[in-house]
>>> print(open('model.pdb').read())   # PDB, C-alpha atoms and all ligand atoms
ATOM      1  CA  MET A   1     107.898 164.323 214.074
ATOM      2  CA  ASN A   2     108.992 160.839 213.208
ATOM      3  CA  ALA A   3     112.730 160.259 213.142
ATOM      4  CA  THR A   4     112.687 158.491 209.833
ATOM      5  CA  PRO A   5     113.050 160.594 206.708
ATOM      6  CA  ALA A   6     109.823 159.191 205.330
ATOM      7  CA  GLY A   7     107.956 160.110 208.501
ATOM      8  CA  ALA A   8     109.470 163.559 208.591
ATOM      9  CA  ASN A   9     108.445 164.121 205.052
ATOM     10  CA  ALA A  10     104.951 162.853 205.678
ATOM     11  CA  ALA A  11     104.540 165.277 208.563
ATOM     12  CA  ASN A  12     105.869 168.064 206.423
ATOM     13  CA  ILE A  13     103.325 167.358 203.752
ATOM     14  CA  CYS A  14     100.636 167.182 206.420
ATOM     15  CA  ASN A  15     101.559 170.586 207.807
ATOM     16  CA  SER A  16     101.481 172.082 204.379
ATOM     17  CA  GLY A  17      97.955 170.830 203.883
ATOM     18  CA  TYR A  18      98.760 168.537 201.000
ATOM     19  CA  LEU A  19      97.585 165.370 202.668
ATOM     20  CA  SER A  20      95.335 164.988 205.664
ATOM     21  CA  GLN A  21      96.264 162.658 208.490
ATOM     22  CA  GLY A  22      93.481 160.373 207.352
ATOM     23  CA  ALA A  23      94.939 160.232 203.913
ATOM     24  CA  LEU A  24      98.205 159.033 205.366
ATOM     25  CA  ARG A  25      96.629 156.149 207.259
ATOM     26  CA  GLY A  26      97.970 152.884 205.997
ATOM     27  CA  ALA A  27     100.302 154.585 203.597
ATOM     28  CA  ARG A  28     103.909 155.472 204.024
ATOM     29  CA  ILE A  29     105.326 158.283 202.010
ATOM     30  CA  LEU A  30     108.460 157.022 200.386
ATOM     31  CA  GLN A  31     109.533 160.092 198.590
ATOM     32  CA  GLU A  32     108.260 163.362 197.361
ATOM     33  CA  TYR A  33     109.631 164.468 194.072
ATOM     34  CA  ALA A  34     109.203 168.169 193.857
ATOM     35  CA  PRO A  35     110.941 171.458 194.289
ATOM     36  CA  THR A  36     110.728 172.725 197.867
ATOM     37  CA  GLU A  37     107.530 174.445 198.717
ATOM     38  CA  SER A  38     109.197 177.780 199.273
ATOM     39  CA  ALA A  39     110.873 177.661 195.887
ATOM     40  CA  PRO A  40     109.621 180.713 194.053
ATOM     41  CA  HIS A  41     110.548 179.508 190.588
ATOM     42  CA  MET A  42     109.265 176.918 188.248
ATOM     43  CA  PRO A  43     111.285 173.734 187.986
ATOM     44  CA  GLU A  44     114.166 173.911 185.571
ATOM     45  CA  LEU A  45     115.645 171.036 183.642
ATOM     46  CA  PRO A  46     117.894 169.693 186.433
ATOM     47  CA  GLU A  47     114.970 169.564 188.840
ATOM     48  CA  VAL A  48     112.811 167.782 186.271
ATOM     49  CA  GLU A  49     115.598 165.312 185.609
ATOM     50  CA  THR A  50     115.862 164.672 189.350
ATOM     51  CA  VAL A  51     112.129 164.037 189.531
ATOM     52  CA  ARG A  52     112.437 161.685 186.557
ATOM     53  CA  ARG A  53     115.214 159.770 188.279
ATOM     54  CA  GLY A  54     113.104 159.522 191.409
ATOM     55  CA  LEU A  55     110.078 158.171 189.572
ATOM     56  CA  ALA A  56     111.899 155.778 187.245
ATOM     57  CA  PRO A  57     112.464 153.036 189.838
ATOM     58  CA  VAL A  58     108.763 152.825 190.760
ATOM     59  CA  MET A  59     107.409 153.245 187.230
ATOM     60  CA  GLU A  60     109.727 151.511 184.806
ATOM     61  CA  GLY A  61     108.745 147.923 184.059
ATOM     62  CA  GLN A  62     105.501 148.352 186.016
ATOM     63  CA  GLU A  63     101.908 148.271 184.876
ATOM     64  CA  PHE A  64      99.287 150.821 185.815
ATOM     65  CA  GLU A  65      96.875 148.856 187.956
ATOM     66  CA  ARG A  66      94.506 151.727 188.520
ATOM     67  CA  VAL A  67      94.430 155.312 187.327
ATOM     68  CA  VAL A  68      92.254 157.885 189.054
ATOM     69  CA  LEU A  69      91.637 161.437 187.914
ATOM     70  CA  TYR A  70      90.229 163.822 190.502
ATOM     71  CA  ARG A  71      89.753 166.394 187.809
ATOM     72  CA  ARG A  72      90.033 166.214 184.056
ATOM     73  CA  ASP A  73      91.883 169.420 183.424
ATOM     74  CA  LEU A  74      95.286 170.686 184.384
ATOM     75  CA  ARG A  75      96.737 173.362 182.124
ATOM     76  CA  PHE A  76      94.892 171.604 179.303
ATOM     77  CA  ALA A  77      92.064 169.082 179.322
ATOM     78  CA  LEU A  78      93.240 165.509 179.684
ATOM     79  CA  PRO A  79      92.203 163.029 176.978
ATOM     80  CA  ASP A  80      88.751 161.506 177.599
ATOM     81  CA  ASP A  81      90.222 158.010 177.449
ATOM     82  CA  PHE A  82      93.221 158.843 179.676
ATOM     83  CA  GLU A  83      92.520 156.133 182.268
ATOM     84  CA  ALA A  84      91.550 153.508 179.696
ATOM     85  CA  ARG A  85      94.746 153.989 177.715
ATOM     86  CA  LEU A  86      96.871 153.459 180.818
ATOM     87  CA  HIS A  87      95.000 150.699 182.594
ATOM     88  CA  GLY A  88      96.957 147.442 182.493
ATOM     89  CA  VAL A  89      99.665 149.059 180.382
ATOM     90  CA  ARG A  90     103.357 148.735 181.221
ATOM     91  CA  VAL A  91     105.840 151.618 181.382
ATOM     92  CA  GLU A  92     108.808 150.561 179.239
ATOM     93  CA  ASN A  93     110.941 153.477 180.302
ATOM     94  CA  LEU A  94     110.691 156.981 181.678
ATOM     95  CA  ASP A  95     112.478 159.396 179.402
ATOM     96  CA  ARG A  96     112.809 163.171 179.283
ATOM     97  CA  ARG A  97     112.757 165.742 176.498
ATOM     98  CA  ALA A  98     113.463 169.302 177.673
ATOM     99  CA  LYS A  99     111.221 169.661 180.732
ATOM    100  CA  TYR A 100     108.745 167.015 179.598
ATOM    101  CA  MET A 101     108.851 163.578 181.172
ATOM    102  CA  LEU A 102     107.904 160.916 178.668
ATOM    103  CA  ALA A 103     106.762 157.504 179.867
ATOM    104  CA  ARG A 104     107.055 155.159 176.897
ATOM    105  CA  LEU A 105     104.295 152.581 177.169
ATOM    106  CA  SER A 106     103.965 148.972 176.051
ATOM    107  CA  THR A 107     101.109 150.027 173.743
ATOM    108  CA  GLY A 108     103.397 152.410 171.859
ATOM    109  CA  ASP A 109     101.643 155.425 173.366
ATOM    110  CA  VAL A 110     103.667 157.940 175.322
ATOM    111  CA  LEU A 111     102.442 159.487 178.574
ATOM    112  CA  LEU A 112     103.675 163.089 178.665
ATOM    113  CA  MET A 113     104.023 164.806 182.049
ATOM    114  CA  HIS A 114     105.111 168.377 182.771
ATOM    115  CA  LEU A 115     105.364 169.903 186.243
ATOM    116  CA  GLY A 116     104.278 173.389 185.226
ATOM    117  CA  MET A 117     104.847 175.913 188.021
ATOM    118  CA  SER A 118     103.962 173.948 191.111
ATOM    119  CA  GLY A 119     103.589 170.299 190.172
ATOM    120  CA  ARG A 120     104.941 167.536 192.367
ATOM    121  CA  PHE A 121     104.832 163.808 192.543
ATOM    122  CA  ILE A 122     104.287 162.022 195.823
ATOM    123  CA  VAL A 123     105.073 158.333 196.034
ATOM    124  CA  THR A 124     103.386 156.320 198.749
ATOM    125  CA  LYS A 125     103.286 152.621 199.322
ATOM    126  CA  SER A 126     101.219 150.402 201.546
ATOM    127  CA  THR A 127     102.913 149.354 204.767
ATOM    128  CA  HIS A 128     100.957 146.088 204.600
ATOM    129  CA  SER A 129     100.591 143.678 201.771
ATOM    130  CA  ALA A 130      98.833 145.472 198.992
ATOM    131  CA  VAL A 131      95.152 145.890 199.732
ATOM    132  CA  PRO A 132      93.994 148.244 197.023
ATOM    133  CA  GLY A 133      91.041 149.433 199.093
ATOM    134  CA  GLU A 134      93.223 150.948 201.740
ATOM    135  CA  PHE A 135      94.389 153.542 199.260
ATOM    136  CA  TYR A 136      90.891 154.816 198.667
ATOM    137  CA  HIS A 137      90.293 157.609 201.057
ATOM    138  CA  ASN A 138      86.802 158.241 202.343
ATOM    139  CA  GLY A 139      85.161 156.227 199.667
ATOM    140  CA  GLY A 140      87.126 157.605 196.784
ATOM    141  CA  GLU A 141      87.427 161.209 197.884
ATOM    142  CA  PRO A 142      90.579 162.944 196.722
ATOM    143  CA  SER A 143      93.400 162.384 199.197
ATOM    144  CA  ALA A 144      94.104 166.084 199.191
ATOM    145  CA  ALA A 145      92.668 169.143 197.557
ATOM    146  CA  HIS A 146      95.602 169.516 195.204
ATOM    147  CA  VAL A 147      96.093 165.904 194.180
ATOM    148  CA  HIS A 148      94.674 165.648 190.676
ATOM    149  CA  VAL A 149      96.038 162.396 189.307
ATOM    150  CA  ARG A 150      96.754 159.101 190.993
ATOM    151  CA  PHE A 151      98.604 156.134 189.547
ATOM    152  CA  GLU A 152      98.510 152.818 191.373
ATOM    153  CA  MET A 153     101.258 150.644 190.002
ATOM    154  CA  ALA A 154     101.379 146.856 190.003
ATOM    155  CA  ASN A 155     104.312 146.925 192.446
ATOM    156  CA  GLY A 156     102.082 148.597 195.054
ATOM    157  CA  ALA A 157     103.545 152.056 194.603
ATOM    158  CA  VAL A 158     101.016 154.844 194.550
ATOM    159  CA  ILE A 159     102.136 157.895 192.649
ATOM    160  CA  GLU A 160     100.089 161.026 193.132
ATOM    161  CA  TYR A 161     100.423 164.195 191.148
ATOM    162  CA  ALA A 162      99.607 167.344 193.115
ATOM    163  CA  ASP A 163      99.591 170.753 191.531
ATOM    164  CA  PRO A 164      97.992 173.698 193.372
ATOM    165  CA  ARG A 165      98.273 176.099 190.456
ATOM    166  CA  ARG A 166      97.440 173.524 187.779
ATOM    167  CA  PHE A 167      99.927 174.731 185.181
ATOM    168  CA  GLY A 168     101.143 171.182 184.828
ATOM    169  CA  ILE A 169     100.388 169.066 181.799
ATOM    170  CA  MET A 170      99.512 165.419 181.208
ATOM    171  CA  ASP A 171      98.728 163.994 177.828
ATOM    172  CA  ILE A 172      98.843 160.663 176.026
ATOM    173  CA  ILE A 173     100.524 160.802 172.671
ATOM    174  CA  PRO A 174      99.748 158.013 170.200
ATOM    175  CA  ARG A 175     102.507 155.858 168.742
ATOM    176  CA  GLY A 176     104.573 157.812 166.227
ATOM    177  CA  GLY A 177     103.065 161.156 167.235
ATOM    178  CA  LEU A 178     105.838 162.380 169.493
ATOM    179  CA  SER A 179     107.745 164.571 167.038
ATOM    180  CA  ASP A 180     104.534 166.192 165.752
ATOM    181  CA  HIS A 181     103.043 166.871 169.172
ATOM    182  CA  LYS A 182     102.103 170.529 169.574
ATOM    183  CA  LEU A 183     104.308 170.923 172.646
ATOM    184  CA  LEU A 184     107.329 169.144 171.236
ATOM    185  CA  ALA A 185     107.267 169.948 167.526
ATOM    186  CA  SER A 186     109.120 173.237 167.652
ATOM    187  CA  ILE A 187     111.420 172.839 170.631
ATOM    188  CA  GLY A 188     115.147 173.125 170.163
ATOM    189  CA  ILE A 189     118.005 170.758 170.820
ATOM    190  CA  GLU A 190     118.693 169.052 174.154
ATOM    191  CA  PRO A 191     121.341 170.980 176.094
ATOM    192  CA  LEU A 192     122.815 167.717 177.355
ATOM    193  CA  GLY A 193     122.797 165.970 174.000
ATOM    194  CA  ASN A 194     125.563 165.752 171.430
ATOM    195  CA  GLU A 195     124.072 168.463 169.235
ATOM    196  CA  LEU A 196     125.014 171.316 171.547
ATOM    197  CA  SER A 197     128.367 172.713 170.478
ATOM    198  CA  GLY A 198     130.080 175.999 169.786
ATOM    199  CA  SER A 199     129.364 175.664 166.096
ATOM    200  CA  PHE A 200     125.685 174.959 166.792
ATOM    201  CA  LEU A 201     125.413 178.149 168.872
ATOM    202  CA  ASN A 202     127.365 180.042 166.253
ATOM    203  CA  SER A 203     124.927 179.140 163.502
ATOM    204  CA  ALA A 204     121.789 179.410 165.688
ATOM    205  CA  LEU A 205     122.709 182.899 166.921
ATOM    206  CA  ARG A 206     124.066 184.332 163.664
ATOM    207  CA  GLY A 207     122.322 187.595 162.882
ATOM    208  CA  ARG A 208     120.212 187.483 166.080
ATOM    209  CA  LYS A 209     120.126 190.967 167.603
ATOM    210  CA  ILE A 210     118.298 189.994 170.793
ATOM    211  CA  PRO A 211     120.274 189.929 174.062
ATOM    212  CA  LEU A 212     122.303 186.767 174.423
ATOM    213  CA  LYS A 213     120.488 185.833 177.615
ATOM    214  CA  ALA A 214     117.121 186.092 175.879
ATOM    215  CA  ALA A 215     118.442 183.806 173.148
ATOM    216  CA  LEU A 216     119.425 181.241 175.756
ATOM    217  CA  LEU A 217     115.890 181.328 177.138
ATOM    218  CA  ASP A 218     114.404 180.785 173.668
ATOM    219  CA  GLN A 219     113.232 177.172 173.865
ATOM    220  CA  LYS A 220     113.248 176.910 170.085
ATOM    221  CA  ILE A 221     117.052 177.172 170.063
ATOM    222  CA  VAL A 222     118.102 175.090 173.063
ATOM    223  CA  ALA A 223     115.279 173.501 175.052
ATOM    224  CA  GLY A 224     115.293 173.430 178.819
ATOM    225  CA  ILE A 225     117.478 176.373 179.825
ATOM    226  CA  GLY A 226     115.604 178.573 182.280
ATOM    227  CA  ASN A 227     116.448 181.857 183.938
ATOM    228  CA  ILE A 228     118.639 180.434 186.684
ATOM    229  CA  TYR A 229     120.874 178.289 184.523
ATOM    230  CA  ALA A 230     121.105 180.911 181.768
ATOM    231  CA  CYS A 231     122.661 183.239 184.360
ATOM    232  CA  GLU A 232     124.915 180.504 185.689
ATOM    233  CA  ALA A 233     126.104 179.396 182.246
ATOM    234  CA  LEU A 234     126.963 182.957 181.178
ATOM    235  CA  PHE A 235     128.876 183.474 184.401
ATOM    236  CA  ARG A 236     130.810 180.278 184.002
ATOM    237  CA  ALA A 237     131.623 181.144 180.388
ATOM    238  CA  GLY A 238     132.693 184.683 181.349
ATOM    239  CA  ILE A 239     130.268 186.251 178.883
ATOM    240  CA  SER A 240     128.112 189.314 179.551
ATOM    241  CA  PRO A 241     124.350 188.677 179.444
ATOM    242  CA  ARG A 242     123.984 192.121 177.876
ATOM    243  CA  ARG A 243     125.769 191.157 174.682
ATOM    244  CA  ALA A 244     123.703 190.815 171.556
ATOM    245  CA  ALA A 245     123.353 187.162 170.631
ATOM    246  CA  HIS A 246     125.097 187.586 167.271
ATOM    247  CA  SER A 247     128.151 189.131 168.926
ATOM    248  CA  ILE A 248     129.462 185.729 170.003
ATOM    249  CA  THR A 249     129.296 184.390 166.436
ATOM    250  CA  SER A 250     131.465 184.759 163.364
ATOM    251  CA  HIS A 251     131.457 183.699 159.724
ATOM    252  CA  ALA A 252     134.279 181.329 160.569
ATOM    253  CA  GLY A 253     131.808 178.762 161.951
ATOM    254  CA  THR A 254     132.532 179.171 165.641
ATOM    255  CA  THR A 255     134.143 181.498 168.185
ATOM    256  CA  ALA A 256     135.942 181.074 171.492
ATOM    257  CA  ARG A 257     132.894 182.507 173.293
ATOM    258  CA  ALA A 258     130.469 180.173 171.545
ATOM    259  CA  GLU A 259     132.687 177.225 172.445
ATOM    260  CA  ARG A 260     132.964 178.318 176.093
ATOM    261  CA  LEU A 261     129.223 178.892 176.327
ATOM    262  CA  ALA A 262     128.349 175.446 174.944
ATOM    263  CA  ILE A 263     130.625 173.826 177.521
ATOM    264  CA  ALA A 264     129.300 176.054 180.319
ATOM    265  CA  ILE A 265     125.645 175.221 179.548
ATOM    266  CA  ARG A 266     126.376 171.530 179.659
ATOM    267  CA  ASP A 267     128.445 171.850 182.831
ATOM    268  CA  VAL A 268     126.016 173.937 184.902
ATOM    269  CA  LEU A 269     123.144 171.589 184.065
ATOM    270  CA  SER A 270     125.199 168.452 184.671
ATOM    271  CA  ASP A 271     126.495 169.785 187.985
ATOM    272  CA  ALA A 272     122.977 170.672 189.117
ATOM    273  CA  ILE A 273     121.700 167.226 188.171
ATOM    274  CA  ALA A 274     124.604 165.657 190.056
ATOM    275  CA  ALA A 275     123.754 167.815 193.081
ATOM    276  CA  GLY A 276     120.131 166.740 192.785
ATOM    277  CA  GLY A 277     121.180 163.156 192.512
ATOM    278  CA  SER A 278     123.199 163.418 195.683
ATOM    279  CA  THR A 279     120.258 165.117 197.370
ATOM    280  CA  LEU A 280     118.147 162.170 196.312
ATOM    281  CA  ARG A 281     120.599 159.637 197.709
ATOM    282  CA  ASP A 282     121.195 161.580 200.923
ATOM    283  CA  TYR A 283     117.505 161.846 201.468
ATOM    284  CA  VAL A 284     117.280 158.200 202.300
ATOM    285  CA  ASN A 285     119.845 158.505 205.078
ATOM    286  CA  ALA A 286     119.566 162.058 206.273
ATOM    287  CA  GLU A 287     116.644 164.334 205.878
ATOM    288  CA  GLY A 288     117.471 166.251 202.810
ATOM    289  CA  GLU A 289     114.761 167.757 200.778
ATOM    290  CA  LEU A 290     114.462 167.683 197.062
ATOM    291  CA  GLY A 291     114.450 171.137 195.706
ATOM    292  CA  TYR A 292     116.415 173.723 193.908
ATOM    293  CA  PHE A 293     120.080 173.195 194.107
ATOM    294  CA  GLN A 294     120.901 176.636 195.459
ATOM    295  CA  HIS A 295     124.224 175.578 196.867
ATOM    296  CA  ALA A 296     125.393 175.208 193.295
ATOM    297  CA  PHE A 297     124.496 178.762 192.266
ATOM    298  CA  GLN A 298     127.444 181.074 191.771
ATOM    299  CA  VAL A 299     125.620 184.244 190.704
ATOM    300  CA  TYR A 300     121.899 183.563 190.807
ATOM    301  CA  ASP A 301     120.241 185.419 193.703
ATOM    302  CA  ARG A 302     123.638 186.623 194.952
ATOM    303  CA  ASP A 303     123.212 190.334 194.288
ATOM    304  CA  GLY A 304     126.033 192.302 195.978
ATOM    305  CA  GLU A 305     128.082 189.265 196.947
ATOM    306  CA  PRO A 306     131.727 188.941 195.906
ATOM    307  CA  CYS A 307     132.301 187.248 192.570
ATOM    308  CA  ALA A 308     133.035 183.547 193.002
ATOM    309  CA  LYS A 309     135.983 183.647 190.628
ATOM    310  CA  PRO A 310     139.050 183.785 192.887
ATOM    311  CA  ASP A 311     141.051 186.425 191.036
ATOM    312  CA  CYS A 312     138.156 188.683 190.035
ATOM    313  CA  GLY A 313     137.290 190.967 192.948
ATOM    314  CA  GLY A 314     134.022 192.060 191.319
ATOM    315  CA  ARG A 315     130.558 191.905 192.811
ATOM    316  CA  VAL A 316     127.498 190.142 191.551
ATOM    317  CA  THR A 317     125.022 192.629 190.083
ATOM    318  CA  ARG A 318     121.336 192.248 189.337
ATOM    319  CA  ILE A 319     119.734 193.779 186.281
ATOM    320  CA  VAL A 320     116.335 193.173 184.707
ATOM    321  CA  GLN A 321     116.146 191.881 181.151
ATOM    322  CA  SER A 322     112.778 191.222 179.516
ATOM    323  CA  GLY A 323     111.163 191.376 182.936
ATOM    324  CA  ARG A 324     113.435 188.678 184.387
ATOM    325  CA  SER A 325     116.260 189.110 186.890
ATOM    326  CA  THR A 326     119.721 188.636 185.503
ATOM    327  CA  TYR A 327     122.625 188.170 187.904
ATOM    328  CA  PHE A 328     126.158 188.573 186.623
ATOM    329  CA  CYS A 329     129.610 189.907 187.435
ATOM    330  CA  PRO A 330     130.303 193.029 185.355
ATOM    331  CA  ASP A 331     134.056 192.651 186.000
ATOM    332  CA  CYS A 332     134.703 189.214 184.538
ATOM    333  CA  GLN A 333     131.739 188.699 182.211
ATOM    334  CA  ARG A 334     132.567 190.459 178.967
TER     335      ARG A 334
HETATM  336 ZN    ZN A 401     133.812 188.306 188.471
END
>>> encode(input="model.pdb", output="structure tokens")
Amino acid sequence: MNATPAGANAANICNSGYLSQGALRGARILQEYAPTESAPHMPELPEVETVRRGLAPVMEGQEFERVVLYRRDLRFALPDDFEARLHGVRVENLDRRAKYMLARLSTGDVLLMHLGMSGRFIVTKSTHSAVPGEFYHNGGEPSAAHVHVRFEMANGAVIEYADPRRFGIMDIIPRGGLSDHKLLASIGIEPLGNELSGSFLNSALRGRKIPLKAALLDQKIVAGIGNIYACEALFRAGISPRRAAHSITSHAGTTARAERLAIAIRDVLSDAIAAGGSTLRDYVNAEGELGYFQHAFQVYDRDGEPCAKPDCGGRVTRIVQSGRSTYFCPDCQR
């Protein structure tokens, strides 16, 4: 295995069957933006944001020089004119809404990308001066069985989207169509935006009899909170996941619990993104791997372990709610 992080990563991808040795010839893998292969969960918002931050430097300000589709369907069929609407078009910026990455294009269109369950982006770049032909493997054969989309950018970066389970999504949304798009029209507020507050949660959860944790997972209320960070936020706020959603609200406009929960949601996501960011930076120097930020979890997947709150003395407990694992400390989460 090569000593350089890029080489190590390339070998790793090779072993996992994602790219053949032939596919790697003449190309150097710069970075792979994906949850670790062993990760059993779909990417949550912090992981998507980390992927976005990894892709932004090679996409923003760059034109698509060539776009290749190895198949025309992921979770949904891609638009028939997908390649034509990207060819020669510049990415103005790479944005994110919930778990959707949104590349705003010079034409006014928006390229929407979602990682689904198993999607990943692999960035490779020619080791020589850019000779476009060297990227075409075996006369245009797919570079790997699971690579479905390939972007060749004007800066020489090649960005491949691999997705073994094909739950990922790519679409091109015409100018002005973003807020009406079927996937975006009904999603809730951004958990990291200014709208999330105790009073927002108070009004959104008023009268809701579903479990509080289920309400946090409802993407129509707050978009982008998944199972892991719902557990983490409730732990940090000291609120039981078994409470009914309405029980943290009042007619007064807000409650101490709603205020704590709004802060906790923001904090767990921000901390995870910061951890991902440091993973990203470290990767260049050491051989970190982009993935889930397990080291940041205080209750998730810690069934039976002592509660992380110093003066608690409780133990993390796992229960199942709506078919999903919930981890919490029964002693300090009330
Ligand atoms: Zn505790």
>>> residues_near_ligand(input="model.pdb", ligand="ligand ZN 401 (chain A)", cutoff="7 Å", atoms="only C-alpha atoms and all ligand atoms", output="mmCIF file with C-alpha atoms, in the frame of the given file")
data_model
loop_
_atom_site.group_PDB
_atom_site.id
_atom_site.type_symbol
_atom_site.label_atom_id
_atom_site.label_comp_id
_atom_site.auth_asym_id
_atom_site.auth_seq_id
_atom_site.Cartn_x
_atom_site.Cartn_y
_atom_site.Cartn_z
ATOM 1 C CA CYS A 307 132.301 187.248 192.570
ATOM 2 C CA ALA A 308 133.035 183.547 193.002
ATOM 3 C CA LYS A 309 135.983 183.647 190.628
ATOM 4 C CA CYS A 312 138.156 188.683 190.035
ATOM 5 C CA GLY A 313 137.290 190.967 192.948
ATOM 6 C CA GLY A 314 134.022 192.060 191.319
ATOM 7 C CA ARG A 315 130.558 191.905 192.811
ATOM 8 C CA CYS A 329 129.610 189.907 187.435
ATOM 9 C CA PRO A 330 130.303 193.029 185.355
ATOM 10 C CA ASP A 331 134.056 192.651 186.000
ATOM 11 C CA CYS A 332 134.703 189.214 184.538
ATOM 12 C CA GLN A 333 131.739 188.699 182.211
#
>>> closest_residue(input="model.pdb", among="A:His251, A:Arg236, A:His148, A:Arg257", to="Leu269 (chain A)", atoms="all atoms listed in the file")
A:Arg236
>>> closest_residue(input="model.pdb", among="A:Leu105, A:Leu69, A:Ala204, A:Val147", to="Tyr161 (chain A)", atoms="all atoms listed in the file")
A:Val147
>>> closest_residue(input="model.pdb", among="A:Pro79, A:Lys213, A:His146, A:Val316", to="Gly226 (chain A)", atoms="only C-alpha atoms")
A:Lys213
>>> resolve_selection(input="model.pdb", expression="the PyMOL selection byres (((chain A and resi 83-98) around 9) and not hetatm)", output="PyMOL selection string")
chain A and resi 45+48-49+52-53+55-56+59-69+79-82+99-107+109+111+154+172+184+187-191+219+222-225
>>> resolve_selection(input="model.pdb", expression="the PyMOL selection byres (((chain A and resi 118-121) around 8) and not hetatm)", output="PyMOL selection string")
chain A and resi 32-35+42-43+51+114-117+122-123+159-168
>>> closest_residue(input="model.pdb", among="A:Asp301, A:Glu152, A:Glu195, A:Asp73", to="Cys231 (chain A)", atoms="all atoms listed in the file")
A:Asp301
>>> resolve_selection(input="model.pdb", expression="the PyMOL selection byres (((chain A and resi 241) around 10) and not hetatm)", output="ChimeraX atom specification")
/A:211-216,230-231,233-235,238-240,242-245,319,321,326-330,333-334
>>> closest_residue(input="model.pdb", among="A:Ile210, A:Met113, A:Leu217, A:Ile263", to="His246 (chain A)", atoms="all atoms listed in the file")
A:Ile210
>>> atom_distance(input="model.pdb", atom1="CA of Arg75 (chain A)", atom2="CA of Ile169 (chain A)")
5.6 Å
>>> atom_distance(input="model.pdb", atom1="CA of Phe200 (chain A)", atom2="CA of Ala262 (chain A)")
8.6 Å
>>> closest_residue(input="model.pdb", among="A:Ile221, A:Ala258, A:Ile173, A:Leu205", to="Ser186 (chain A)", atoms="only C-alpha atoms")
A:Ile221
